[in-house]
Structure formats: structure tokens, C-alpha cells
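Take a look at the structure set out below.
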Amino acid sequence: MNARVLDVGAGPATVLGRTHPKRNIDLVACDPLAPVYNTLLDRHGVTPPIRTVQAFAEDLSSVFDAESFDIVYCQNALDHSFEPLRGIEEMLIVLRTRGVIVMAHYTDEAEHERYVGLHQWNFNARDGRFIIWNRVQEIDVNEALKDVARVTVTVEGRGHAVTIEKLRDWPNSLHERHRNRLASLLSGLLDAEGVTKAADQELKRINAMANPADGEHRDEALKPAQHSP
């Protein structure tokens with residue numbers, strides 16, 4: 001009698017309904033920019049029916065438990081992501097077996113937008129198969145997920161709808177890849193912190209050169225900045 005639904009890339013407020021004549025709906029909405037959206041909503045005194053929480057499609061299982069949703073929904077959002085196939089794989093990880101992913105996107109939006117801005121991936125239907133592509137690579141999603149899911153794509157005007165039914169859980173090798181992904185993200189955060197500190201030191205040096213308080217500060221500012229490797 002209970003159905004748990006996840007809206008991925010929901011924006012400031014999910015568009016999904018929360019009631020059903022025969023089931024109790026537990027609706028969860030997530031988006032990478034959730035903190036920004038919630039700050040804007042609070043600033044203008046707006047309270048959405050469901051608060052969006054922060055989560056990236058590519059790392060849903062770091063926020064939500066595996067096999068904890070019956071339906072995962074995504075509309076006009078996954079083609080903004082860094083790795084859309086990984087986003088789908090993460091949706092499958094948090095989806096229960098026999099659960100369904102439902103997606104709706106415009107066709108080849110990156111080509112339409114000429115790869116300017118957020119759209120860097122194209123979604124298309126070709127010979128009944130769901131294709132993700134850009135100028136660098138092409139992914140046959142039906143082939144990529146053939147061991148764990150059933151993929152169906154339907155063209156609807158300038159867009160298309162995709163349903164992905166989870167047939168079985170992921171092999172252990174994919175869980176190992178998830179651990180490697182987490183390790184690389186942590187390493188990236190440490191690298192980013194080092195770059196931020198170096199940039200902050202450089203900014204201070206430039207400001208001191210532009211507005212030296214005295215000769216000592218000016219001489220210090222003219223010294224080359226010391227950056228860690």
C-alpha cells in the first residue's frame with residue numbers, strides 16, 4: 001500500500017503529485033542545487049510541498065539507501081549531468097527490484113543548444129533503443145544495462161519517454177566501481193582545497209601590489225608566490 005518515489009533533478013519544487021486513490025505516496029525530491037533553491041525560497045517566504053534535498057544523480061547511493069524506492073522519476077535534468085549513464089546506474093541502485101525509472105527529455109538538446117551551457121549530452125531513440133551521445137562518444141543504454149534492466153523508449157513529439165525496469169541487483173563489480181568513484185571524489189576535494197588556497201595566496205599578493213600599505217608590504221608583495229606542488 002506504500003509507494004516511495006524519488007524525483008531526480010527536481011529543481012526548487014517537484015512537479016510530481018503526492019496523492020493516489022489506492023496507495024500512500026512517500027515523495028522525495030533531490031537536486032544538486034538544492035541549497036541554492038531553498039535559500040531563495042526562504043528569502044521570498046515560499047514553502048514548497050516537498051523540500052528538495054541535495055544529491056547528484058551520479059552519486060544517489062551516497063545519499064539514499066540501496067533498493068529504497070519503487071519509482072525514480074527524472075524530467076529534463078539528466079542531460080545536464082556529467083555522466084548520464086552513471087546517473088541511470090545510480091538510480092537503479094537505489095531502486096527496488098521490479099521498480100521502474102521514468103524519464104522524459106527533449107531529443108538531442110545539446111545539438112539544439114550547440115553545446116552551450118548546461119546541455120552537453122544528447123538523448124535520442126534509434127531503432128527502438130535509447131542512445132546517449134555527444135561529439136566524443138555514443139552509449140547504447142539498452143546494451144549497457146542488458147544484464148540488469150529492461151529499457152523501453154517512446155518518441156513523443158520533440159521529446160521522448162524512457163522507462164527502465166530493474167530486473168535484478170547490480171553485480172559486485174559495479175559496487176567496487178562505486179567505491180573507486182568515492183575515493184576519486186575525496187581526492188578531488190583535497191586537490192580543489194589546495195588550488196583554492198593557492199588562488200587565495202595569489203589574490204592577497206596582487207592586492208598588496210595594488211595597495212601597498214608601506215615599503216615592507218610592497219617588497220613582500222613583489223616576491224614570487226610560493227605554491228605547493
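Each chain in the C-alpha cells gets a letter, A, B and so on, in the order shown; residues start at 1 in every chain, and ligands are counted from 1 in the order they appear.
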Using DSSP assignments from the backbone, pull out every residue in range 139-207 of chain A that falls under helix (DSSP H, G or I) and give it to me as a PyMOL selection string. chain A and resi 141-144+172-207
Asp65 in chain A environment, 12 Å, only C-alpha atoms, sequence neighbours closer than 2 positions dropped, as a PyMOL selection string: chain A and resi 6+59-63+67-69+90-96
Run DSSP on the backbone and grab whatever in range 27-225 of chain A lands in strand (DSSP E or B); send it over as a PyMOL selection string. chain A and resi 27-31+52-54+69-75+95-106+122-126+129-133+138-140+149-156+159-166
As a list in words, please: the residues near range 48-53 of chain A (cut-off 10 Å, only C-alpha atoms, same-chain neighbours under 3 positions excluded). Asp7, Val8, Gly9, Ala10, Gly11, Pro12, Ala13, Thr14, Val15, Leu16, Gly17, Arg18, Leu27, Val28, Ala29, Cys30, Asp31, Pro32, Leu33, Ala34, Pro35, Tyr37, Asn38, Leu41, Asp42, Gly45, Phe56 and Val63 of chain A
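Between CA of Ile101 in chain A and CA of Glu89 in chain A the separation is 10.4 Å.
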Taking only C-alpha atoms into account, name the residue in A:Met1, A:Ile164, A:Ala125, A:Val36 that is nearest to Ile71 in chain A. A:Ile164
A:Ser81, A:Asn180, A:Asn207, A:Thr19 ranked by distance to Ala110 in chain A, top pick (using only C-alpha atoms):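 Ranked by minimum distance to Ala110 in chain A, first place goes to A:Ser81.
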Nearest candidate to Phe123 in chain A (options A:Pro171, A:Gly159, A:Pro21, A:Gly99; using only C-alpha atoms): A:Gly159
State, in Å with one decimal place, the distance from CA of Arg168 in chain A to CA of Asn122 in chain A.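 Going from CA of Arg168 in chain A over to CA of Asn122 in chain A, I get 27.3 Å.
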Leaving out Gln137 in chain A and any residue of its chain fewer than 6 positions from it, which residues lie within 12 Å of it when counting only C-alpha atoms, given as a list in words? Glu83, Leu85, Gln120, Trp121, Asn122 and Ile131 of chain A
Nearest candidate to Ala161 in chain A (options A:Arg129, A:His119, A:His80, A:Lys197; using only C-alpha atoms):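 With only C-alpha atoms as the atom set, the closest residue is A:Arg129.
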